[in-house]
Structure formats: C-alpha cells, structure tokens
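coords.pdb (PDB, C-alpha atoms)
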ATOM      1  CA  MET A   1      11.039  20.703   3.393
ATOM      2  CA  GLY A   2       9.187  17.429   3.832
ATOM      3  CA  ARG A   3       9.900  14.709   6.351
ATOM      4  CA  GLY A   4       7.685  11.739   7.101
ATOM      5  CA  PRO A   5       4.000  12.704   7.393
ATOM      6  CA  GLY A   6       4.437  16.465   6.961
ATOM      7  CA  PHE A   7       6.363  19.393   5.582
ATOM      8  CA  THR A   8       7.424  22.955   6.379
ATOM      9  CA  ASP A   9       6.843  25.776   3.900
ATOM     10  CA  VAL A  10       9.131  28.679   2.976
ATOM     11  CA  ASP A  11       7.554  30.867   5.694
ATOM     12  CA  GLY A  12       8.318  28.339   8.403
ATOM     13  CA  PHE A  13       4.776  27.007   8.873
ATOM     14  CA  SER A  14       4.553  23.247   9.463
ATOM     15  CA  PHE A  15       1.760  21.059   8.108
ATOM     16  CA  VAL A  16       0.608  17.480   8.517
ATOM     17  CA  ASP A  17      -0.016  16.160   5.005
ATOM     18  CA  PHE A  18      -3.329  14.315   5.459
ATOM     19  CA  ASN A  19      -3.818  14.509   1.674
ATOM     20  CA  ALA A  20      -0.438  12.760   1.145
ATOM     21  CA  SER A  21       0.006  14.985  -1.924
ATOM     22  CA  ASP A  22      -3.064  13.361  -3.493
ATOM     23  CA  MET A  23      -1.765   9.903  -2.465
ATOM     24  CA  ALA A  24       1.568  10.390  -4.263
ATOM     25  CA  MET A  25       3.396  10.608  -0.915
ATOM     26  CA  PHE A  26       1.786   7.609   0.740
ATOM     27  CA  CYS A  27       5.346   6.407   1.481
ATOM     28  CA  GLY A  28       5.963   9.642   3.406
ATOM     29  CA  HIS A  29       8.162  12.591   2.564
ATOM     30  CA  ALA A  30      11.881  11.874   2.112
ATOM     31  CA  HIS A  31      11.717   8.252   3.219
ATOM     32  CA  PRO A  32      15.352   7.215   3.872
ATOM     33  CA  ALA A  33      15.108   4.049   1.760
ATOM     34  CA  ILE A  34      13.812   5.924  -1.264
ATOM     35  CA  VAL A  35      16.271   8.800  -0.846
ATOM     36  CA  ALA A  36      19.195   6.359  -0.632
ATOM     37  CA  ALA A  37      18.030   4.398  -3.690
ATOM     38  CA  VAL A  38      17.662   7.533  -5.826
ATOM     39  CA  GLN A  39      21.014   8.955  -4.701
ATOM     40  CA  ALA A  40      22.806   5.703  -5.460
ATOM     41  CA  GLN A  41      21.236   5.399  -8.911
ATOM     42  CA  ALA A  42      21.886   9.056  -9.790
ATOM     43  CA  ALA A  43      25.583   8.451  -9.145
ATOM     44  CA  ARG A  44      25.477   5.600 -11.692
ATOM     45  CA  SER A  45      23.496   7.616 -14.314
ATOM     46  CA  THR A  46      19.930   8.774 -14.667
ATOM     47  CA  GLN A  47      19.113   7.388 -18.116
ATOM     48  CA  PHE A  48      20.166   4.543 -20.439
ATOM     49  CA  LEU A  49      17.179   4.165 -22.811
ATOM     50  CA  LEU A  50      17.305   0.487 -21.833
ATOM     51  CA  PRO A  51      15.679  -1.475 -18.997
ATOM     52  CA  THR A  52      17.608  -1.744 -15.755
ATOM     53  CA  GLN A  53      17.603  -4.663 -13.336
ATOM     54  CA  ALA A  54      15.449  -2.588 -10.975
ATOM     55  CA  SER A  55      12.772  -2.131 -13.644
ATOM     56  CA  VAL A  56      12.623  -5.900 -14.157
ATOM     57  CA  GLU A  57      12.275  -6.461 -10.415
ATOM     58  CA  VAL A  58       9.558  -3.800 -10.129
ATOM     59  CA  ALA A  59       7.595  -5.410 -12.971
ATOM     60  CA  GLU A  60       7.895  -8.806 -11.289
ATOM     61  CA  GLU A  61       6.690  -7.398  -7.970
ATOM     62  CA  LEU A  62       3.725  -5.633  -9.569
ATOM     63  CA  ALA A  63       2.850  -8.858 -11.394
ATOM     64  CA  ARG A  64       2.899 -10.730  -8.092
ATOM     65  CA  ARG A  65       0.742  -8.155  -6.340
ATOM     66  CA  TYR A  66      -1.846  -7.526  -9.043
ATOM     67  CA  ARG A  67      -1.917 -10.986 -10.667
ATOM     68  CA  VAL A  68      -1.426  -9.729 -14.225
ATOM     69  CA  PRO A  69       1.942 -10.816 -15.656
ATOM     70  CA  GLN A  70       3.065  -8.276 -18.260
ATOM     71  CA  TRP A  71       3.919  -4.687 -17.323
ATOM     72  CA  GLN A  72       4.931  -1.502 -19.112
ATOM     73  CA  PHE A  73       6.089   1.735 -17.476
ATOM     74  CA  THR A  74       5.150   5.356 -18.115
ATOM     75  CA  LEU A  75       5.797   8.597 -16.235
ATOM     76  CA  SER A  76       2.268   8.994 -14.850
ATOM     77  CA  ALA A  77      -1.031   7.218 -14.406
ATOM     78  CA  THR A  78      -2.486   9.542 -17.052
ATOM     79  CA  GLN A  79      -0.047   8.112 -19.590
ATOM     80  CA  ALA A  80      -0.713   4.576 -18.363
ATOM     81  CA  ASN A  81      -4.439   5.058 -18.989
ATOM     82  CA  THR A  82      -3.726   6.628 -22.379
ATOM     83  CA  GLU A  83      -1.743   3.583 -23.488
ATOM     84  CA  ALA A  84      -4.283   1.183 -21.969
ATOM     85  CA  ILE A  85      -6.996   2.738 -24.144
ATOM     86  CA  ARG A  86      -4.779   2.565 -27.226
ATOM     87  CA  LEU A  87      -3.974  -1.090 -26.604
ATOM     88  CA  ALA A  88      -7.636  -1.957 -26.024
ATOM     89  CA  ARG A  89      -8.613  -0.325 -29.308
ATOM     90  CA  ALA A  90      -5.840  -2.143 -31.164
ATOM     91  CA  VAL A  91      -6.890  -5.541 -29.830
ATOM     92  CA  THR A  92     -10.675  -5.172 -30.091
ATOM     93  CA  GLY A  93     -10.877  -3.082 -33.249
ATOM     94  CA  ARG A  94     -13.405  -0.879 -31.454
ATOM     95  CA  GLU A  95     -13.367   2.875 -30.855
ATOM     96  CA  VAL A  96     -15.532   3.778 -27.842
ATOM     97  CA  ILE A  97     -14.523   3.699 -24.187
ATOM     98  CA  VAL A  98     -16.872   3.802 -21.198
ATOM     99  CA  LEU A  99     -16.157   5.926 -18.116
ATOM    100  CA  PHE A 100     -18.348   6.573 -15.091
ATOM    101  CA  GLN A 101     -19.797   9.955 -14.176
ATOM    102  CA  GLY A 102     -17.639  11.902 -11.745
ATOM    103  CA  HIS A 103     -14.492  10.118 -12.912
ATOM    104  CA  TYR A 104     -11.001  11.511 -13.244
ATOM    105  CA  ARG A 105      -8.680   9.202 -15.161
ATOM    106  CA  GLY A 106      -6.148  11.796 -16.303
ATOM    107  CA  HIS A 107      -5.614  14.626 -18.753
ATOM    108  CA  PHE A 108      -5.994  12.622 -21.959
ATOM    109  CA  GLU A 109      -8.780  13.715 -24.310
ATOM    110  CA  GLU A 110     -11.340  11.021 -23.537
ATOM    111  CA  GLY A 111     -10.719  11.487 -19.820
ATOM    112  CA  LEU A 112     -11.894  15.101 -20.041
ATOM    113  CA  VAL A 113     -15.442  14.197 -21.040
ATOM    114  CA  ASP A 114     -18.285  13.816 -18.538
ATOM    115  CA  LEU A 115     -22.053  14.099 -18.286
ATOM    116  CA  ALA A 116     -23.842  17.443 -18.104
ATOM    117  CA  ASP A 117     -27.632  17.589 -18.415
ATOM    118  CA  GLY A 118     -27.598  13.988 -19.598
ATOM    119  CA  ARG A 119     -25.121  14.581 -22.452
ATOM    120  CA  ALA A 120     -21.431  13.738 -22.787
ATOM    121  CA  VAL A 121     -19.594  17.070 -23.018
ATOM    122  CA  PRO A 122     -15.965  18.273 -22.791
ATOM    123  CA  VAL A 123     -15.167  19.564 -19.306
ATOM    124  CA  GLN A 124     -12.087  21.514 -20.434
ATOM    125  CA  ARG A 125     -11.140  23.581 -23.469
ATOM    126  CA  GLY A 126      -8.857  22.560 -26.324
ATOM    127  CA  LEU A 127     -10.253  19.088 -26.984
ATOM    128  CA  SER A 128     -10.847  17.756 -30.503
ATOM    129  CA  LYS A 129     -14.390  18.172 -31.839
ATOM    130  CA  GLY A 130     -15.027  14.443 -32.186
ATOM    131  CA  VAL A 131     -13.930  13.418 -28.698
ATOM    132  CA  THR A 132     -17.445  13.065 -27.249
ATOM    133  CA  GLY A 133     -18.228  10.469 -29.900
ATOM    134  CA  ARG A 134     -15.424   8.266 -28.588
ATOM    135  CA  VAL A 135     -16.630   8.251 -24.964
ATOM    136  CA  ARG A 136     -19.790   6.913 -23.348
ATOM    137  CA  ILE A 137     -20.564   7.914 -19.749
ATOM    138  CA  ALA A 138     -22.427   5.531 -17.457
ATOM    139  CA  GLN A 139     -23.213   5.579 -13.739
ATOM    140  CA  PHE A 140     -21.106   3.707 -11.191
ATOM    141  CA  ASN A 141     -23.118   1.019  -9.339
ATOM    142  CA  ASP A 142     -25.768   0.973 -12.116
ATOM    143  CA  PRO A 143     -25.633  -2.361 -14.042
ATOM    144  CA  ALA A 144     -28.640  -1.472 -16.213
ATOM    145  CA  MET A 145     -27.045   1.745 -17.456
ATOM    146  CA  LEU A 146     -23.742  -0.050 -18.056
ATOM    147  CA  ARG A 147     -25.551  -2.775 -20.039
ATOM    148  CA  ALA A 148     -27.155  -0.097 -22.216
ATOM    149  CA  ALA A 149     -23.777   1.568 -22.802
ATOM    150  CA  LEU A 150     -22.259  -1.743 -23.919
ATOM    151  CA  GLU A 151     -25.207  -2.917 -26.010
ATOM    152  CA  PRO A 152     -24.103  -1.338 -29.330
ATOM    153  CA  GLY A 153     -21.054  -3.638 -29.337
ATOM    154  CA  ASP A 154     -18.572  -0.850 -30.092
ATOM    155  CA  VAL A 155     -16.896  -0.451 -26.678
ATOM    156  CA  ALA A 156     -13.209  -1.355 -26.520
ATOM    157  CA  LEU A 157     -12.664  -0.691 -22.807
ATOM    158  CA  VAL A 158     -14.483   0.126 -19.590
ATOM    159  CA  LEU A 159     -12.008   2.076 -17.473
ATOM    160  CA  THR A 160     -12.850   2.640 -13.818
ATOM    161  CA  GLU A 161     -11.519   2.870 -10.314
ATOM    162  CA  PRO A 162     -12.609  -0.010  -8.065
ATOM    163  CA  ALA A 163     -14.091   2.673  -5.802
ATOM    164  CA  MET A 164     -14.699   6.167  -7.136
ATOM    165  CA  THR A 165     -12.256   8.481  -5.354
ATOM    166  CA  ASN A 166     -12.127  11.536  -7.592
ATOM    167  CA  ASN A 167     -15.679  12.839  -7.419
ATOM    168  CA  LEU A 168     -16.977  15.004  -4.577
ATOM    169  CA  HIS A 169     -16.767  12.125  -2.114
ATOM    170  CA  LEU A 170     -15.564   8.546  -1.946
ATOM    171  CA  LEU A 171     -18.135   6.320  -3.651
ATOM    172  CA  LEU A 172     -17.832   2.668  -2.636
ATOM    173  CA  PRO A 173     -19.084  -0.214  -4.798
ATOM    174  CA  GLU A 174     -22.449  -1.648  -3.835
ATOM    175  CA  PRO A 175     -22.752  -5.417  -3.250
ATOM    176  CA  GLY A 176     -22.678  -7.263  -6.568
ATOM    177  CA  TRP A 177     -21.445  -4.285  -8.599
ATOM    178  CA  HIS A 178     -18.040  -5.677  -9.495
ATOM    179  CA  GLN A 179     -19.480  -9.063 -10.384
ATOM    180  CA  ALA A 180     -21.941  -7.334 -12.728
ATOM    181  CA  LEU A 181     -19.197  -5.133 -14.173
ATOM    182  CA  ARG A 182     -16.971  -8.105 -14.963
ATOM    183  CA  GLY A 183     -19.845 -10.226 -16.256
ATOM    184  CA  LEU A 184     -21.232  -7.547 -18.566
ATOM    185  CA  THR A 185     -17.858  -6.626 -20.051
ATOM    186  CA  ARG A 186     -17.089 -10.266 -20.819
ATOM    187  CA  GLN A 187     -20.565 -10.797 -22.250
ATOM    188  CA  HIS A 188     -20.077  -7.906 -24.685
ATOM    189  CA  GLY A 189     -16.458  -8.647 -25.631
ATOM    190  CA  THR A 190     -15.226  -5.494 -23.879
ATOM    191  CA  LEU A 191     -11.972  -5.237 -21.950
ATOM    192  CA  LEU A 192     -12.034  -4.116 -18.303
ATOM    193  CA  GLY A 193      -9.409  -1.707 -16.972
ATOM    194  CA  ILE A 194      -9.055  -1.029 -13.239
ATOM    195  CA  ASP A 195      -7.225   2.156 -12.251
ATOM    196  CA  GLU A 196      -5.568   1.599  -8.854
ATOM    197  CA  THR A 197      -3.785   4.960  -8.723
ATOM    198  CA  HIS A 198      -5.681   6.089  -5.627
ATOM    199  CA  THR A 199      -6.868   2.733  -4.294
ATOM    200  CA  HIS A 200      -3.545   0.878  -4.215
ATOM    201  CA  VAL A 201      -3.080   2.314  -0.704
ATOM    202  CA  VAL A 202      -5.611  -0.147   0.742
ATOM    203  CA  GLY A 203      -3.351  -3.193   0.435
ATOM    204  CA  PRO A 204      -0.399  -4.781  -1.399
ATOM    205  CA  GLY A 205      -2.636  -5.659  -4.369
ATOM    206  CA  GLY A 206      -4.805  -2.579  -4.105
ATOM    207  CA  ALA A 207      -8.571  -2.918  -4.125
ATOM    208  CA  SER A 208      -8.249  -5.533  -6.891
ATOM    209  CA  GLY A 209      -6.536  -7.826  -4.422
ATOM    210  CA  LEU A 210      -8.782  -6.840  -1.529
ATOM    211  CA  TRP A 211     -11.959  -7.633  -3.479
ATOM    212  CA  GLN A 212     -10.546 -10.379  -5.755
ATOM    213  CA  LEU A 213     -11.254  -8.477  -8.978
ATOM    214  CA  GLU A 214     -10.272  -9.849 -12.388
ATOM    215  CA  PRO A 215      -9.361  -6.930 -14.688
ATOM    216  CA  ASP A 216      -7.784  -7.321 -18.115
ATOM    217  CA  ILE A 217      -5.657  -4.222 -17.503
ATOM    218  CA  VAL A 218      -4.448  -2.624 -14.258
ATOM    219  CA  THR A 219      -3.096   0.937 -14.198
ATOM    220  CA  ILE A 220      -1.229   2.593 -11.349
ATOM    221  CA  GLY A 221       0.831   5.667 -10.510
ATOM    222  CA  LYS A 222       1.552   8.207  -7.755
ATOM    223  CA  ALA A 223       3.021   6.372  -4.719
ATOM    224  CA  VAL A 224       4.292   3.372  -6.698
ATOM    225  CA  ALA A 225       7.685   5.127  -6.908
ATOM    226  CA  GLY A 226       7.452   7.054  -3.653
ATOM    227  CA  GLY A 227       6.250  10.206  -5.407
ATOM    228  CA  LEU A 228       8.797  10.200  -8.230
ATOM    229  CA  PRO A 229       7.250  10.427 -11.701
ATOM    230  CA  MET A 230       6.151   6.917 -12.594
ATOM    231  CA  GLY A 231       3.072   5.153 -13.868
ATOM    232  CA  ALA A 232       2.614   1.579 -14.994
ATOM    233  CA  TYR A 233       0.063  -0.715 -16.524
ATOM    234  CA  GLY A 234      -0.173  -4.485 -16.486
ATOM    235  CA  VAL A 235      -2.100  -6.825 -18.774
ATOM    236  CA  THR A 236      -3.185 -10.446 -18.650
ATOM    237  CA  ALA A 237      -1.184 -13.115 -20.459
ATOM    238  CA  GLU A 238      -4.001 -13.539 -22.978
ATOM    239  CA  LEU A 239      -4.095  -9.839 -23.756
ATOM    240  CA  GLY A 240      -0.306  -9.744 -23.951
ATOM    241  CA  GLU A 241      -0.363 -12.477 -26.593
ATOM    242  CA  GLN A 242      -2.936 -10.562 -28.644
ATOM    243  CA  LEU A 243      -0.836  -7.420 -28.424
ATOM    244  CA  ASP A 244       2.233  -9.312 -29.623
ATOM    245  CA  ALA A 245       0.204 -10.548 -32.583
ATOM    246  CA  ALA A 246      -1.191  -7.076 -33.340
ATOM    247  CA  CYS A 247       2.222  -5.353 -33.162
ATOM    248  CA  ASN A 248       2.801  -1.793 -34.314
ATOM    249  CA  VAL A 249       0.900  -0.217 -31.399
ATOM    250  CA  ALA A 250       2.338   3.125 -30.293
ATOM    251  CA  THR A 251       3.595   2.694 -26.728
ATOM    252  CA  GLY A 252       6.567   3.890 -24.724
ATOM    253  CA  GLY A 253       8.502   7.101 -24.199
ATOM    254  CA  THR A 254      12.134   8.145 -23.851
ATOM    255  CA  LEU A 255      12.011   8.499 -20.056
ATOM    256  CA  PHE A 256       9.465   5.751 -19.342
ATOM    257  CA  GLY A 257      10.865   3.297 -16.802
ATOM    258  CA  ASN A 258      13.971   5.415 -16.327
ATOM    259  CA  PRO A 259      16.564   4.282 -13.754
ATOM    260  CA  LEU A 260      15.655   6.870 -11.096
ATOM    261  CA  SER A 261      11.955   5.973 -11.141
ATOM    262  CA  ALA A 262      12.771   2.264 -11.211
ATOM    263  CA  ALA A 263      15.169   2.534  -8.277
ATOM    264  CA  ALA A 264      12.634   4.532  -6.263
ATOM    265  CA  ALA A 265       9.836   2.074  -7.106
ATOM    266  CA  LYS A 266      11.953  -0.908  -6.083
ATOM    267  CA  ALA A 267      12.693   0.719  -2.729
ATOM    268  CA  ALA A 268       9.061   1.741  -2.259
ATOM    269  CA  LEU A 269       7.668  -1.712  -3.039
ATOM    270  CA  THR A 270      10.211  -3.780  -1.152
ATOM    271  CA  GLU A 271      11.059  -1.585   1.851
ATOM    272  CA  VAL A 272       8.123   0.765   2.444
ATOM    273  CA  LEU A 273       4.857  -0.548   0.980
ATOM    274  CA  VAL A 274       5.016  -3.859   2.832
ATOM    275  CA  PRO A 275       2.040  -5.696   4.426
ATOM    276  CA  ASP A 276       2.666  -4.293   7.908
ATOM    277  CA  ALA A 277       2.611  -0.744   6.535
ATOM    278  CA  TYR A 278      -0.801  -1.260   4.941
ATOM    279  CA  ALA A 279      -2.162  -2.736   8.176
ATOM    280  CA  HIS A 280      -0.758   0.206  10.154
ATOM    281  CA  THR A 281      -2.170   2.890   7.856
ATOM    282  CA  SER A 282      -5.560   1.166   7.680
ATOM    283  CA  ALA A 283      -5.700   1.188  11.480
ATOM    284  CA  LEU A 284      -4.881   4.905  11.455
ATOM    285  CA  GLY A 285      -7.635   5.468   8.899
ATOM    286  CA  SER A 286     -10.126   3.712  11.169
ATOM    287  CA  GLN A 287      -8.961   5.757  14.147
ATOM    288  CA  LEU A 288      -9.447   8.981  12.190
ATOM    289  CA  ALA A 289     -12.888   7.870  10.967
ATOM    290  CA  ASP A 290     -13.974   7.018  14.505
ATOM    291  CA  GLY A 291     -12.908  10.455  15.709
ATOM    292  CA  ILE A 292     -14.657  12.257  12.861
ATOM    293  CA  GLU A 293     -17.853  10.292  13.486
ATOM    294  CA  GLN A 294     -17.733  11.210  17.180
ATOM    295  CA  VAL A 295     -17.383  14.913  16.366
ATOM    296  CA  ILE A 296     -20.155  14.786  13.752
ATOM    297  CA  GLY A 297     -22.438  12.966  16.167
ATOM    298  CA  SER A 298     -21.817  15.382  19.021
ATOM    299  CA  ALA A 299     -22.578  18.315  16.709
ATOM    300  CA  GLY A 300     -25.729  16.691  15.347
ATOM    301  CA  LEU A 301     -24.651  17.165  11.730
ATOM    302  CA  PRO A 302     -26.223  15.130   8.867
ATOM    303  CA  TRP A 303     -22.846  14.024   7.528
ATOM    304  CA  THR A 304     -21.449  10.607   6.679
ATOM    305  CA  VAL A 305     -17.938   9.213   7.134
ATOM    306  CA  ILE A 306     -16.622   7.029   4.310
ATOM    307  CA  ARG A 307     -13.996   4.362   5.043
ATOM    308  CA  LEU A 308     -11.658   2.590   2.638
ATOM    309  CA  GLY A 309      -8.554   1.472   4.522
ATOM    310  CA  PRO A 310      -6.455   4.580   5.188
ATOM    311  CA  ARG A 311      -8.711   6.692   2.950
ATOM    312  CA  THR A 312     -11.149   8.328   5.347
ATOM    313  CA  GLY A 313     -13.292  11.412   5.000
TER     314      GLY A 313
END

Once you've parsed the file, please lay out its structure as structure tokens.
Amino acid sequence: MGRGPGFTDVDGFSFVDFNASDMAMFCGHAHPAIVAAVQAQAARSTQFLLPTQASVEVAEELARRYRVPQWQFTLSATQANTEAIRLARAVTGREVIVLFQGHYRGHFEEGLVDLADGRAVPVQRGLSKGVTGRVRIAQFNDPAMLRAALEPGDVALVLTEPAMTNNLHLLLPEPGWHQALRGLTRQHGTLLGIDETHTHVVGPGGASGLWQLEPDIVTIGKAVAGGLPMGAYGVTAELGEQLDAACNVATGGTLFGNPLSAAAAKAALTEVLVPDAYAHTSALGSQLADGIEQVIGSAGLPWTVIRLGPRTG
C-alpha cells in the first residue's frame, strides 16, 4: 500500500520511493485530492467516448503552462510521441526522425533504435526490417553532428528531452545547445519536439518553461495525471492549422482522454502540482544533492552529483 512518499509491500517492508515510480508518482502515492477526484468520477461513469469538462480544463491548463495552444490526449507518453512523429511526417512530407544517443522515448519502433559501433541498430527484437532507415541518431550537445543529420533535408522531427534523463546518468544541456537546436531545426525546415515526461517535475512549465524553449510539439506523461494512465501532446497554433488542412491523420484511441484520467489530471494540475510544490521539491533535491556530495567528498570518490530541480543523483 502506498501513502505519500512511500509504500509497504506484501511482506510488510516499508520503502521510501526516491524513484517516484520513475517520476509517475511525483504527486505522491494516494494523494487525497486525486483519490477523491477519481472516486467521484467513477461513480458518474468511467467512459463516454466524448470529451468531458475536465479534459477541456486540463488541455487549457497544459496550454497555459507549456505555451502551445492545442492538445490531444493519449494513455502514455509513448503514444504521445508516436502520434507526434506521425503528425510531423504528415505536415512535412518527410520520413526520417532524429533522436539522440542514449535516448528513451518509448516503445514505438523508431524509439527502439540507437547507435552501436557508429551504426543505427535495433536495440530490441521484433522491429520491422526498415526501421533503421527511418531514424538518424545524433549526439546531444553536439551542434555539428546535428547539422550533419539534418543536412539531407529529409528529417520531419527532432525529438528530444530538454535534458537527457534516460541514459546512464542525467545529461544536462551545455550553454548554447538549445539555441543551436532550435536554430538548426528551423533552418532545415524540421519540426522540434520536446519530451517533458521526466523533466516536467522541475517547474509548472517543465524545463521548456524554465529555459524558455520554443518547441513545435510538447509531449508529456507519467505524473500529469497523478500516476493514472495518461499522456498528452500539444502543438503550436501554426502546426495545428497545418494539421487541420492536412486532415486524415491517424490519431486518437478509444480510451484516450477518458474521464478517470481527465479527473485525475485536473486534480493533479490544480491541487497538487502547484508552484509551491515545485519550489518545495526542488529544495529537497538540493538538500539531497548537498548530502550526497558531502558523503562522496568524505570518501574521496571520483563521482559527480547532477542537479536538475528535484532530480538529483
């Protein structure tokens, strides 16, 4: 059973959940506001196949936070990234996407390709034979390599986290990296997608708000609905207009934006993930980092502590 920052397993052992269930439980386990919202909605029905008022309010709040106005819901960040790629291909007429080495963007086919011995290769079994031809892998913080990846003019989308959180350690952007990333994508007519699934914990607008980034597409998941299955992606007004003109792009799913997820997300965004909560968790992250650095220093170990708001390690 989970409560607040920890949980107790079936054998009676209690744990503090420093991993926050891979950031999905950033709101805490069984937060009363989220529990109450889900219980109340379940009593009214769990599915209508139509938008609810809560889903409209969640979209409006995400638009306010991330400064992109049009939002669509999924059941996970993986599905949000899948649809973002599909939309980018529909609008640009291009096939290739660029990811950065060490990425994890989800269990869609292109997301399961990475570099090995300098070549793009599948990292899991069961992928289609042509998948490596649809993905180009560059290095984070390397503008020259990104420029070379974009040079052929066939890249629909560069999809990245604002800071790399899914490789062996937290890799922060170097000064000027995001300016180069945005400049190069615009120069080559390529859309830029920022995946805030892990980094939205650093502030109300995620790292995009913290660093004033200007993505064409923002994707998010995990804690956005307090750990209930929900992902979402938002697009700029300009991109939304192009998508309306393109039409006939496969998006959506039967349970996407369902009432339970929408109710939980509304409670999470309006009652839990408020500015004071981000300030509090960032202070805790700094406190933890300070303590880890003190221990490392006293032991004389050649280790480094990485800090990104509450994400410390």

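Put simply, the PyMOL selection byres ((chain A and resi 67) around 9) on this file hits Leu62, Ala63, Arg64, Arg65, Tyr66, Val68, Pro69, Gly205, Gly209, Glu214, Gly234 and Thr236 of chain A.
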
Could you please take those selected residues and save C-alpha atoms as a PDB file, in the frame of the given file?
ATOM      1  CA  LEU A  62       3.725  -5.633  -9.569  1.00  0.00           C
ATOM      2  CA  ALA A  63       2.850  -8.858 -11.394  1.00  0.00           C
ATOM      3  CA  ARG A  64       2.899 -10.730  -8.092  1.00  0.00           C
ATOM      4  CA  ARG A  65       0.742  -8.155  -6.340  1.00  0.00           C
ATOM      5  CA  TYR A  66      -1.846  -7.526  -9.043  1.00  0.00           C
ATOM      6  CA  VAL A  68      -1.426  -9.729 -14.225  1.00  0.00           C
ATOM      7  CA  PRO A  69       1.942 -10.816 -15.656  1.00  0.00           C
ATOM      8  CA  GLY A 205      -2.636  -5.659  -4.369  1.00  0.00           C
ATOM      9  CA  GLY A 209      -6.536  -7.826  -4.422  1.00  0.00           C
ATOM     10  CA  GLU A 214     -10.272  -9.849 -12.388  1.00  0.00           C
ATOM     11  CA  GLY A 234      -0.173  -4.485 -16.486  1.00  0.00           C
ATOM     12  CA  THR A 236      -3.185 -10.446 -18.650  1.00  0.00           C
TER      13      THR A 236
END

_Residue IDs satisfying the PyMOL selection byres ((chain A and resi 160) around 8), as a VMD selection string_ = chain A and resid 99 to 100 103 105 158 to 159 161 to 162 164 193 to 195

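Of the residues listed (A:Met1, A:Leu243, A:Leu308, A:Ala138), A:Leu308 shows the shortest atom-to-atom separation from A:Ser282; distances use all atoms listed in the file.
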
*If you count only C-alpha atoms, which residues fall within 12 Å of stretch 36-39 of chain A, apart from same-chain ones fewer than 6 positions away, as a PyMOL selection string?*
chain A and resi 30+45-46+54+225-228+258-268+270-271

With C-alpha atoms retained, export the selected residues as a compact mmCIF listing (two decimals), in the coordinates of the input.
# COMPACT_ATOMS: atom_id res chain seq x y z
CA ALA A 30 11.88 11.87 2.11
CA SER A 45 23.50 7.62 -14.31
CA THR A 46 19.93 8.77 -14.67
CA ALA A 54 15.45 -2.59 -10.98
CA ALA A 225 7.68 5.13 -6.91
CA GLY A 226 7.45 7.05 -3.65
CA GLY A 227 6.25 10.21 -5.41
CA LEU A 228 8.80 10.20 -8.23
CA ASN A 258 13.97 5.42 -16.33
CA PRO A 259 16.56 4.28 -13.75
CA LEU A 260 15.66 6.87 -11.10
CA SER A 261 11.96 5.97 -11.14
CA ALA A 262 12.77 2.26 -11.21
CA ALA A 263 15.17 2.53 -8.28
CA ALA A 264 12.63 4.53 -6.26
CA ALA A 265 9.84 2.07 -7.11
CA LYS A 266 11.95 -0.91 -6.08
CA ALA A 267 12.69 0.72 -2.73
CA ALA A 268 9.06 1.74 -2.26
CA THR A 270 10.21 -3.78 -1.15
CA GLU A 271 11.06 -1.58 1.85

Applying 9 Å and only C-alpha atoms, which residues near A:Ala207 remain after dropping the ones on its own chain fewer than 6 positions away? List them as a PDB file with C-alpha atoms, in the coordinates of the input.
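What ended up in around-v4.pdb:
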ATOM      1  CA  GLU A 161     -11.519   2.870 -10.314  1.00  0.00           C
ATOM      2  CA  PRO A 162     -12.609  -0.010  -8.065  1.00  0.00           C
ATOM      3  CA  ALA A 163     -14.091   2.673  -5.802  1.00  0.00           C
ATOM      4  CA  GLU A 196      -5.568   1.599  -8.854  1.00  0.00           C
ATOM      5  CA  THR A 199      -6.868   2.733  -4.294  1.00  0.00           C
ATOM      6  CA  HIS A 200      -3.545   0.878  -4.215  1.00  0.00           C
ATOM      7  CA  VAL A 201      -3.080   2.314  -0.704  1.00  0.00           C
ATOM      8  CA  LEU A 213     -11.254  -8.477  -8.978  1.00  0.00           C
TER       9      LEU A 213
END

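With atom CA of A:Val91 on one side and atom CA of A:Gln79 on the other, the separation reads 18.4 Å.
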